[in-house]
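Quick look at structure37.cif (mmCIF, C-alpha atoms):
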data_start
#
loop_
_atom_site.label_atom_id
_atom_site.label_comp_id
_atom_site.auth_asym_id
_atom_site.auth_seq_id
_atom_site.Cartn_x
_atom_site.Cartn_y
_atom_site.Cartn_z
CA MET L 1 0.00 0.00 0.00
CA ALA L 2 1.35 3.41 -0.97
CA ALA L 3 1.77 6.00 1.78
CA SER L 4 -0.85 8.23 0.16
CA ASP L 5 -3.35 5.37 0.27
CA PHE L 6 -2.87 4.86 4.01
CA SER L 7 -3.28 8.61 4.49
CA LYS L 8 -6.59 8.38 2.65
CA LEU L 9 -7.76 5.57 4.92
CA ILE L 10 -6.90 7.62 8.00
CA ALA L 11 -8.75 10.63 6.60
CA ALA L 12 -11.78 8.52 5.71
CA ALA L 13 -11.89 6.98 9.19
CA ALA L 14 -11.44 10.31 10.98
CA ASP L 15 -14.03 11.98 8.73
CA THR L 16 -16.76 9.43 9.42
CA ILE L 17 -16.12 9.44 13.18
CA ALA L 18 -16.23 13.26 13.24
CA ALA L 19 -19.41 13.33 11.13
CA HIS L 20 -21.16 10.86 13.44
CA ALA L 21 -19.72 11.93 16.80
CA GLU L 22 -23.02 13.30 18.06
CA GLU L 23 -24.92 10.21 16.99
CA LEU L 24 -22.37 7.96 18.75
CA THR L 25 -22.61 10.04 21.90
CA ALA L 26 -26.42 9.84 21.80
CA LEU L 27 -26.26 6.05 21.46
CA ASP L 28 -23.84 5.87 24.36
CA GLN L 29 -25.97 8.18 26.49
CA ALA L 30 -28.86 5.75 26.15
CA ILE L 31 -27.07 2.77 27.70
CA GLY L 32 -23.46 3.76 28.48
CA ASP L 33 -21.71 6.75 30.00
CA GLY L 34 -22.24 9.09 27.06
CA ASP L 35 -18.67 9.85 26.07
CA HIS L 36 -18.13 7.50 23.12
CA GLY L 37 -18.55 10.04 20.31
CA LEU L 38 -16.29 12.63 21.88
CA ASN L 39 -13.68 10.05 22.88
CA MET L 40 -13.52 8.46 19.44
CA LYS L 41 -13.38 11.84 17.74
CA ARG L 42 -10.50 12.95 19.95
CA GLY L 43 -8.63 9.73 19.19
CA PHE L 44 -9.09 9.77 15.44
CA GLU L 45 -8.26 13.47 15.19
CA ALA L 46 -5.02 12.69 17.06
CA VAL L 47 -4.33 9.97 14.48
CA ARG L 48 -5.16 12.37 11.64
CA ALA L 49 -2.70 14.91 13.04
CA GLU L 50 0.11 12.37 12.55
CA ALA L 51 -1.20 10.84 9.32
CA ASP L 52 1.88 11.83 7.31
CA ALA L 53 4.33 10.32 9.78
CA PHE L 54 2.29 7.14 10.18
CA SER L 55 1.78 6.72 6.43
CA ALA L 56 5.52 6.87 5.82
CA LYS L 57 5.96 3.65 7.80
CA PRO L 58 5.52 0.11 6.43
CA LEU L 59 1.88 -1.00 6.80
CA PRO L 60 2.35 -3.18 9.93
CA ASP L 61 4.20 -0.38 11.75
CA ALA L 62 1.66 2.21 10.58
CA LEU L 63 -1.22 0.17 12.00
CA LYS L 64 0.62 -0.35 15.29
CA ALA L 65 1.24 3.40 15.52
CA VAL L 66 -2.46 4.09 14.92
CA GLY L 67 -3.40 1.58 17.63
CA THR L 68 -0.95 3.02 20.16
CA LYS L 69 -2.21 6.55 19.46
CA LEU L 70 -5.83 5.43 19.98
CA VAL L 71 -4.94 3.73 23.28
CA MET L 72 -3.33 6.92 24.53
CA THR L 73 -5.97 9.38 23.33
CA VAL L 74 -9.43 7.79 23.16
CA GLY L 75 -9.78 7.05 26.86
CA GLY L 76 -12.53 4.99 28.42
CA ALA L 77 -12.53 1.29 27.65
CA SER L 78 -12.84 2.07 23.92
CA GLY L 79 -9.20 3.22 23.74
CA PRO L 80 -7.69 -0.15 24.63
CA LEU L 81 -10.32 -2.04 22.61
CA PHE L 82 -9.99 -0.12 19.35
CA GLY L 83 -6.26 0.32 19.99
CA THR L 84 -5.85 -3.44 20.39
CA LEU L 85 -7.73 -4.00 17.12
CA PHE L 86 -5.27 -1.87 15.15
CA MET L 87 -2.18 -3.02 17.06
CA ALA L 88 -3.11 -6.67 16.48
CA LEU L 89 -3.75 -6.04 12.77
CA GLY L 90 -0.32 -4.44 12.57
CA LYS L 91 1.25 -7.39 14.32
CA GLU L 92 -0.42 -9.97 12.06
CA LEU L 93 -0.39 -8.36 8.62
CA PRO L 94 2.48 -8.66 6.15
CA ALA L 95 3.73 -5.44 4.54
CA VAL L 96 1.80 -6.16 1.33
CA PRO L 97 -1.26 -8.21 2.30
CA ASP L 98 -3.66 -9.97 -0.05
CA ARG L 99 -7.26 -10.69 0.90
CA ALA L 100 -6.43 -14.02 2.55
CA ALA L 101 -3.77 -12.38 4.72
CA LEU L 102 -6.17 -9.58 5.62
CA ALA L 103 -8.88 -12.05 6.65
CA ALA L 104 -6.43 -14.11 8.69
CA ALA L 105 -5.09 -11.00 10.42
CA LEU L 106 -8.59 -9.74 11.19
CA GLY L 107 -9.43 -13.13 12.68
CA LYS L 108 -6.43 -12.87 15.01
CA ALA L 109 -7.23 -9.23 15.81
CA ILE L 110 -10.78 -10.20 16.79
CA GLU L 111 -9.32 -12.75 19.19
CA ALA L 112 -7.10 -10.05 20.68
CA VAL L 113 -10.03 -7.64 21.13
CA ALA L 114 -12.11 -10.43 22.69
CA ALA L 115 -9.29 -11.19 25.14
CA ARG L 116 -8.82 -7.52 25.99
CA GLY L 117 -12.53 -7.04 26.71
CA LYS L 118 -13.01 -10.55 28.15
CA SER L 119 -15.94 -10.78 25.76
CA GLN L 120 -17.23 -12.74 22.80
CA PRO L 121 -19.73 -12.15 19.98
CA GLY L 122 -23.37 -12.07 21.12
CA GLN L 123 -22.77 -9.74 24.08
CA LYS L 124 -23.74 -6.46 22.35
CA THR L 125 -20.28 -5.12 21.60
CA MET L 126 -18.01 -4.18 18.69
CA LEU L 127 -17.26 -7.90 18.29
CA ASP L 128 -20.79 -8.39 16.96
CA VAL L 129 -19.79 -6.28 13.95
CA LEU L 130 -16.20 -7.49 13.60
CA GLN L 131 -17.15 -11.17 13.42
CA PRO L 132 -19.57 -10.87 10.43
CA VAL L 133 -17.08 -8.53 8.72
CA TYR L 134 -14.41 -11.18 9.11
CA GLU L 135 -16.76 -13.82 7.66
CA ALA L 136 -17.74 -11.62 4.71
CA LEU L 137 -14.09 -10.87 4.05
CA ALA L 138 -13.12 -14.53 4.21
CA GLN L 139 -16.01 -15.46 1.89
CA GLY L 140 -14.71 -13.11 -0.80
CA LYS L 141 -17.54 -10.55 -0.60
CA THR L 142 -17.10 -7.16 -2.26
CA ALA L 143 -16.18 -4.05 -0.29
CA ARG L 144 -19.78 -2.83 -0.57
CA GLU L 145 -21.18 -6.15 0.66
CA ILE L 146 -18.76 -6.11 3.59
CA ALA L 147 -19.82 -2.57 4.53
CA ASP L 148 -23.50 -3.57 4.28
CA ALA L 149 -22.85 -6.62 6.45
CA ALA L 150 -21.27 -4.34 9.05
CA ASP L 151 -24.28 -2.00 9.10
CA LYS L 152 -26.67 -4.91 9.37
CA ALA L 153 -24.63 -6.40 12.20
CA ALA L 154 -24.66 -3.09 14.11
CA GLU L 155 -28.46 -2.94 13.69
CA ALA L 156 -28.64 -6.49 15.01
CA THR L 157 -27.21 -5.34 18.37
CA VAL L 158 -30.44 -3.37 19.04
CA PRO L 159 -32.44 -6.32 20.45
CA MET L 160 -29.43 -7.79 22.26
CA LYS L 161 -28.97 -7.64 26.00
CA ALA L 162 -25.61 -6.13 27.00
CA LEU L 163 -23.37 -8.53 28.90
CA ARG L 164 -20.16 -6.47 28.92
CA GLY L 165 -19.23 -2.88 29.72
CA ARG L 166 -21.23 -0.16 31.39
CA ALA L 167 -24.39 -1.10 29.47
CA SER L 168 -24.43 -4.49 31.18
CA PHE L 169 -25.35 -2.75 34.45
CA LEU L 170 -28.70 -1.98 32.84
CA GLY L 171 -29.49 -5.63 32.12
CA GLU L 172 -32.84 -5.90 30.33
CA ARG L 173 -32.99 -2.12 29.89
CA SER L 174 -30.06 -2.28 27.47
CA ILE L 175 -32.41 -4.00 25.00
CA GLY L 176 -33.79 -1.71 22.29
CA HIS L 177 -30.68 0.45 21.80
CA MET L 178 -27.86 -0.01 19.32
CA ASP L 179 -24.44 -0.55 20.88
CA ALA L 180 -22.30 2.54 20.31
CA GLY L 181 -19.10 0.55 19.81
CA ALA L 182 -20.82 -1.67 17.24
CA ARG L 183 -22.01 1.45 15.39
CA SER L 184 -18.58 3.10 15.37
CA THR L 185 -17.02 -0.15 14.17
CA ALA L 186 -19.52 -0.35 11.29
CA LEU L 187 -18.79 3.29 10.40
CA LEU L 188 -15.06 2.56 10.27
CA VAL L 189 -15.57 -0.58 8.18
CA ARG L 190 -17.68 1.33 5.62
CA ALA L 191 -15.21 4.22 5.47
CA VAL L 192 -12.25 1.91 4.90
CA ALA L 193 -14.15 -0.31 2.44
CA GLU L 194 -15.27 2.68 0.36
CA ALA L 195 -11.81 4.26 0.44
CA ILE L 196 -10.22 1.02 -0.77
CA GLU L 197 -12.91 0.56 -3.44
CA GLY L 198 -12.40 4.14 -4.62
CA ASN L 199 -8.70 3.48 -5.14
CA ARG L 200 -9.25 0.70 -7.64
CA MET P 1 12.61 0.04 48.15
CA SER P 2 12.27 -3.73 47.96
CA ASN P 3 8.64 -4.04 49.09
CA VAL P 4 5.99 -4.70 46.45
CA GLY P 5 4.56 -1.47 45.04
CA ILE P 6 0.84 -0.69 45.11
CA VAL P 7 -0.97 1.24 42.36
CA ILE P 8 -4.55 2.45 42.81
CA VAL P 9 -6.60 3.09 39.64
CA SER P 10 -10.09 4.57 39.96
CA HIS P 11 -12.41 6.33 37.53
CA SER P 12 -12.48 9.13 40.11
CA PRO P 13 -9.31 10.95 41.22
CA LEU P 14 -11.03 11.58 44.56
CA VAL P 15 -11.60 7.87 45.16
CA ALA P 16 -8.04 7.03 44.09
CA GLU P 17 -6.45 9.71 46.26
CA GLY P 18 -8.71 8.89 49.21
CA THR P 19 -7.81 5.21 48.96
CA ALA P 20 -4.12 6.12 48.86
CA ASP P 21 -4.59 8.30 51.96
CA MET P 22 -6.07 5.35 53.81
CA VAL P 23 -3.17 3.11 52.80
CA ARG P 24 -0.61 5.70 53.98
CA GLN P 25 -2.36 6.22 57.29
CA MET P 26 -3.11 2.57 58.03
CA VAL P 27 0.04 0.98 56.60
CA GLY P 28 2.66 3.72 56.52
CA ASP P 29 5.49 4.70 54.20
CA GLU P 30 7.20 1.34 53.82
CA VAL P 31 5.33 0.57 50.61
CA PRO P 32 5.88 2.29 47.24
CA LEU P 33 2.47 3.74 46.43
CA ALA P 34 0.93 5.66 43.54
CA TRP P 35 -2.57 6.45 42.36
CA CYS P 36 -4.33 7.82 39.32
CA GLY P 37 -7.90 8.61 38.41
CA GLY P 38 -9.86 10.53 35.82
CA ASN P 39 -9.72 10.42 32.04
CA GLY P 40 -7.03 13.08 31.66
CA HIS P 41 -9.56 15.56 30.26
CA GLY P 42 -11.20 16.57 33.51
CA GLY P 43 -13.87 13.87 33.51
CA LEU P 44 -14.35 10.53 35.20
CA GLY P 45 -12.48 7.64 33.63
CA THR P 46 -9.05 6.09 33.42
CA SER P 47 -6.07 6.81 31.21
CA VAL P 48 -3.51 4.27 30.04
CA GLU P 49 -0.83 6.96 30.03
CA ALA P 50 -1.59 7.93 33.65
CA ILE P 51 -1.61 4.29 34.73
CA MET P 52 1.80 3.72 33.11
CA GLY P 53 3.06 6.78 34.99
CA ALA P 54 1.70 5.49 38.31
CA ILE P 55 3.34 2.09 37.73
CA ASP P 56 6.68 3.85 37.15
CA LYS P 57 6.23 5.89 40.30
CA ALA P 58 5.41 2.88 42.49
CA TRP P 59 7.94 0.63 40.76
CA SER P 60 9.75 -1.92 42.87
CA ASP P 61 12.01 -4.77 41.81
CA ALA P 62 9.69 -6.96 43.89
CA GLY P 63 6.86 -6.05 41.54
CA VAL P 64 3.69 -3.98 41.52
CA ALA P 65 0.09 -4.90 42.42
CA ILE P 66 -2.65 -2.78 40.82
CA LEU P 67 -6.05 -2.29 42.46
CA VAL P 68 -8.90 -1.10 40.21
CA ASP P 69 -12.55 -0.15 40.51
CA LEU P 70 -14.91 -0.69 37.53
CA GLY P 71 -14.39 -2.55 34.23
CA GLY P 72 -12.68 0.17 32.21
CA ALA P 73 -10.06 0.61 34.93
CA GLU P 74 -9.22 -3.07 34.62
CA THR P 75 -9.11 -2.99 30.79
CA ASN P 76 -6.93 0.11 30.79
CA SER P 77 -4.62 -1.29 33.48
CA GLU P 78 -4.11 -4.50 31.50
CA MET P 79 -3.38 -2.41 28.41
CA ALA P 80 -0.86 -0.34 30.38
CA VAL P 81 0.92 -3.48 31.59
CA GLU P 82 1.11 -4.77 28.03
CA MET P 83 2.50 -1.48 26.75
CA ILE P 84 5.15 -1.37 29.49
CA GLY P 85 6.20 -4.70 28.02
CA GLU P 86 8.68 -7.35 29.02
CA PRO P 87 10.49 -7.93 31.26
CA ARG P 88 8.75 -5.58 33.71
CA SER P 89 5.25 -6.75 32.70
CA HIS P 90 5.95 -10.12 34.34
CA LYS P 91 6.20 -8.37 37.70
CA ILE P 92 2.90 -6.45 37.47
CA VAL P 93 -0.47 -7.93 38.42
CA VAL P 94 -3.94 -6.39 38.12
CA CYS P 95 -5.78 -7.68 41.20
CA ASN P 96 -9.33 -8.94 41.31
CA ALA P 97 -10.37 -7.30 44.59
CA PRO P 98 -12.43 -4.40 45.92
CA ILE P 99 -10.32 -1.28 45.47
CA VAL P 100 -10.24 0.15 49.01
CA GLU P 101 -10.05 -3.08 51.00
CA GLY P 102 -7.75 -4.61 48.39
CA ALA P 103 -5.31 -1.70 48.49
CA VAL P 104 -5.12 -1.65 52.29
CA MET P 105 -4.75 -5.43 52.61
CA ALA P 106 -2.23 -5.70 49.74
CA ALA P 107 -0.16 -2.84 51.20
CA THR P 108 -0.26 -4.41 54.65
CA GLU P 109 1.04 -7.68 53.22
CA SER P 110 3.68 -5.83 51.20
CA SER P 111 4.91 -3.82 54.19
CA GLY P 112 5.91 -7.08 55.86
CA GLY P 113 8.18 -7.93 52.94
CA ALA P 114 5.86 -10.45 51.25
CA SER P 115 6.39 -11.49 47.63
CA LEU P 116 4.19 -10.19 44.77
CA LYS P 117 2.45 -13.58 44.68
CA GLU P 118 1.60 -13.36 48.40
CA VAL P 119 0.44 -9.74 48.10
CA VAL P 120 -1.85 -10.58 45.19
CA ALA P 121 -3.21 -13.69 46.96
CA THR P 122 -4.11 -11.58 49.99
CA ALA P 123 -6.03 -9.12 47.82
CA HIS P 124 -7.79 -11.92 45.95
CA GLU P 125 -9.01 -13.46 49.22
CA LEU P 126 -11.36 -10.48 49.48
CA SER P 127 -13.18 -11.41 46.26
CA PRO P 128 -15.94 -13.98 46.44
CA SER P 129 -15.62 -16.09 43.29
#

As structure tokens, what does this structure read like?
Amino acid sequence: MAASDFSKLIAAAADTIAAHAEELTALDQAIGDGDHGLNMKRGFEAVRAEADAFSAKPLPDALKAVGTKLVMTVGGASGPLFGTLFMALGKELPAVPDRAALAAALGKAIEAVAARGKSQPGQKTMLDVLQPVYEALAQGKTAREIADAADKAAEATVPMKALRGRASFLGERSIGHMDAGARSTALLVRAVAEAIEGNR
Amino acid sequence: MSNVGIVIVSHSPLVAEGTADMVRQMVGDEVPLAWCGGNGHGGLGTSVEAIMGAIDKAWSDAGVAILVDLGGAETNSEMAVEMIGEPRSHKIVVCNAPIVEGAVMAATESSGGASLKEVVATAHELSPS
């Protein structure tokens, strides 16, 4: 991946988080502590500020740098969770990945996020979006199909009962609201998928 | 200092500092002690950067036991330990114990020269599981 392409991915990710920050905060206010939008925006703007330096690195190092920056700037539990996602992708991916390598790395990264959050799919978290995205990727779906799968998976967290994080304190009352982390994950997946598609 | 260090991580700086006050008063100055709380932007929460700083401050060659309050404090503490990396990460344990009681009991054990394993075991005895 050329440095300019990685810069574009960072910009696309930061743009979508900034554009949806209020929506993410509203989702989090319903069943969490109401800081998800602001936290994610702060983190991705911090990444954007160093986009040139990160993009100059080989892909694995660039992803690790993004992850570390998110850990240090997002705050809350989202920082370590999203940070771990990117750091694990950086650790697993070769410098020039093909689709199979990307799918394999995402599979490992999902395991790392699950370990970090002591969670698994089905508990109303970002994992409920990552898992179907991994499956769509592994099945050879198009970028658009993968982004659609992510949106659908985020929607599917609405009827779920939260079993992890602050929302789990609400028990049954967490049902009926979309998980904010699932929504931000779907936003990131669509942004990256569309940016990659646009480069072809 | 060769006693095990104690780090207190709360979402609230007031809770973290208050817990540290109790440890100092009840256990004394024989234990390396540090605390952090708040998200670094004036709100409630925890910060990986602040936790890494607290671990440095309370560092002891005998190791460091971390006491946390709610979920995010635990996640962020585990992340901080990972980012500190080897070899020091092997000597840092995030305890599963109530923060105030855990900190006081762990510090008491540490002040007598106990090992990290013994300090952590004492804190864990407070958790029903």

Please build the interface table for chain L against chain P with a cut-off of 7 Å, listing for each qualifying residue the nearest atom pair and the distance in Å to one decimal; count all atoms listed in the file, order rows by chain and increasing number, and write it as a Markdown table.
| residue | atom | partner | partner_atom | distance |
| --- | --- | --- | --- | --- |
| L:Val71 | CA | P:Val48 | CA | 6.9 |
| L:Met72 | CA | P:Glu49 | CA | 6.0 |
| L:Gly75 | CA | P:Ser47 | CA | 5.7 |
| L:Gly76 | CA | P:Gly45 | CA | 5.8 |
| L:Ala77 | CA | P:Gly72 | CA | 4.7 |
| L:Pro80 | CA | P:Met79 | CA | 6.2 |
| L:Arg116 | CA | P:Thr75 | CA | 6.6 |
| L:Gly117 | CA | P:Thr75 | CA | 6.7 |
| L:Gly165 | CA | P:Gly71 | CA | 6.6 |

Selection file, C-alpha atoms, as an mmCIF file, keeping the file's coordinate frame:
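Full text of part-v9.cif as output:
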data_model
loop_
_atom_site.group_PDB
_atom_site.id
_atom_site.type_symbol
_atom_site.label_atom_id
_atom_site.label_comp_id
_atom_site.auth_asym_id
_atom_site.auth_seq_id
_atom_site.Cartn_x
_atom_site.Cartn_y
_atom_site.Cartn_z
ATOM 1 C CA VAL L 71 -4.940 3.730 23.280
ATOM 2 C CA MET L 72 -3.330 6.920 24.530
ATOM 3 C CA GLY L 75 -9.780 7.050 26.860
ATOM 4 C CA GLY L 76 -12.530 4.990 28.420
ATOM 5 C CA ALA L 77 -12.530 1.290 27.650
ATOM 6 C CA PRO L 80 -7.690 -0.150 24.630
ATOM 7 C CA ARG L 116 -8.820 -7.520 25.990
ATOM 8 C CA GLY L 117 -12.530 -7.040 26.710
ATOM 9 C CA GLY L 165 -19.230 -2.880 29.720
#

Nearest residue to Val64 (chain P) out of P:Ala16, P:Leu116, P:Ile99, P:Ala34, using all atoms listed in the file?
P:Leu116

Write out as a ChimeraX atom specification each polymer residue whose atoms come within 8 Å of Ala65 (chain P), counting only C-alpha atoms; drop sequence neighbours fewer than 2 positions from it.
/P:4-7,63,67,92-95,106,116,119-120

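As for CA of Ala195 (chain L) and CA of Ala56 (chain L), they are spaced 18.3 Å apart.
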
Can you pull out the residues contacting Ile196 (chain L)? Cut-off 10 Å, using all atoms listed in the file, and skip same-chain residues under 3 positions away; I want them as a short mmCIF file (atom, residue, chain, number, x, y, z; two decimals) with C-alpha atoms, in the frame of the given file.
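result.cif, written as the output of this step:
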data_model
loop_
_atom_site.label_atom_id
_atom_site.label_comp_id
_atom_site.auth_asym_id
_atom_site.auth_seq_id
_atom_site.Cartn_x
_atom_site.Cartn_y
_atom_site.Cartn_z
CA ASP L 5 -3.35 5.37 0.27
CA PHE L 6 -2.87 4.86 4.01
CA LYS L 8 -6.59 8.38 2.65
CA LEU L 9 -7.76 5.57 4.92
CA ALA L 143 -16.18 -4.05 -0.29
CA ARG L 190 -17.68 1.33 5.62
CA ALA L 191 -15.21 4.22 5.47
CA VAL L 192 -12.25 1.91 4.90
CA ALA L 193 -14.15 -0.31 2.44
CA ASN L 199 -8.70 3.48 -5.14
CA ARG L 200 -9.25 0.70 -7.64
#

What do you get, as a ChimeraX atom specification, if you spell out every residue that the PyMOL selection byres ((chain L and resi 180) around 8) selects here?
/L:24-25,27-28,36,178-179,181-184

Quick one: write out the picked residues with C-alpha atoms as an mmCIF file, in the coordinates of the input?
data_model
loop_
_atom_site.group_PDB
_atom_site.id
_atom_site.type_symbol
_atom_site.label_atom_id
_atom_site.label_comp_id
_atom_site.auth_asym_id
_atom_site.auth_seq_id
_atom_site.Cartn_x
_atom_site.Cartn_y
_atom_site.Cartn_z
ATOM 1 C CA LEU L 24 -22.370 7.960 18.750
ATOM 2 C CA THR L 25 -22.610 10.040 21.900
ATOM 3 C CA LEU L 27 -26.260 6.050 21.460
ATOM 4 C CA ASP L 28 -23.840 5.870 24.360
ATOM 5 C CA HIS L 36 -18.130 7.500 23.120
ATOM 6 C CA MET L 178 -27.860 -0.010 19.320
ATOM 7 C CA ASP L 179 -24.440 -0.550 20.880
ATOM 8 C CA GLY L 181 -19.100 0.550 19.810
ATOM 9 C CA ALA L 182 -20.820 -1.670 17.240
ATOM 10 C CA ARG L 183 -22.010 1.450 15.390
ATOM 11 C CA SER L 184 -18.580 3.100 15.370
#

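The interatomic distance for the pair CA of Leu14 (chain P) and CA of Asp69 (chain P) works out to 12.5 Å.
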
Produce the centre coordinates and the three edge lengths, each in Å to one decimal, of the box along x, y and z that contains all listed atoms of region 113-122 of chain P with 4 Å added on each side, as lines of an AutoDock Vina configuration file.
center_x = 2.0
center_y = -10.8
center_z = 48.8
size_x = 20.3
size_y = 13.8
size_z = 16.3

Within 10 Å of (-30.4, -8.3, 23.8), all atoms listed in the file: residues as a count of residues only?
19

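Between Lys91 (chain L) and the candidates L:Ser78, L:Asp61, L:Leu70, L:Lys118, the tightest atom-to-atom separation, counting only C-alpha atoms, involves L:Asp61.
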
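Selection result for the displayed file, with the PyMOL selection byres ((chain P and resi 28-31) around 8) as criterion, is Met1, Asn3, Val4, Gly5, Ile6, Val23, Arg24, Gln25, Met26, Val27, Pro32, Leu33, Ala107, Ser110 and Ser111 of chain P.
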
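Each of P:Val100, P:Val81, P:Leu126, P:Met22 was checked against Asp56 (chain P) using all atoms listed in the file; the smallest atom-to-atom distance is that of P:Val81.
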
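A straight line drawn from CA of Ser115 (chain P) to CA of Trp59 (chain P) is 14.0 Å long.
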
So which residues touch Ala21 (chain L) within 8 Å, counting all atoms listed in the file, skipping near sequence neighbours fewer than 6 positions away, as a ChimeraX atom specification?
/L:36-38,40-41

Would you list the contacts of Glu145 (chain L) as an NGL selection string, taking every protein, DNA or RNA residue within 10 Å and counting all atoms listed in the file, but skipping same-chain residues closer than 4 positions in sequence?
:L and (133 or 136-137 or 140-141 or 149-151 or 190 or 193)

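Selection by the PyMOL selection byres ((chain P and resi 9) around 6) on the present file picks out Ile8, Ser10, Trp35, Cys36, Gly37 and Val68 of chain P.
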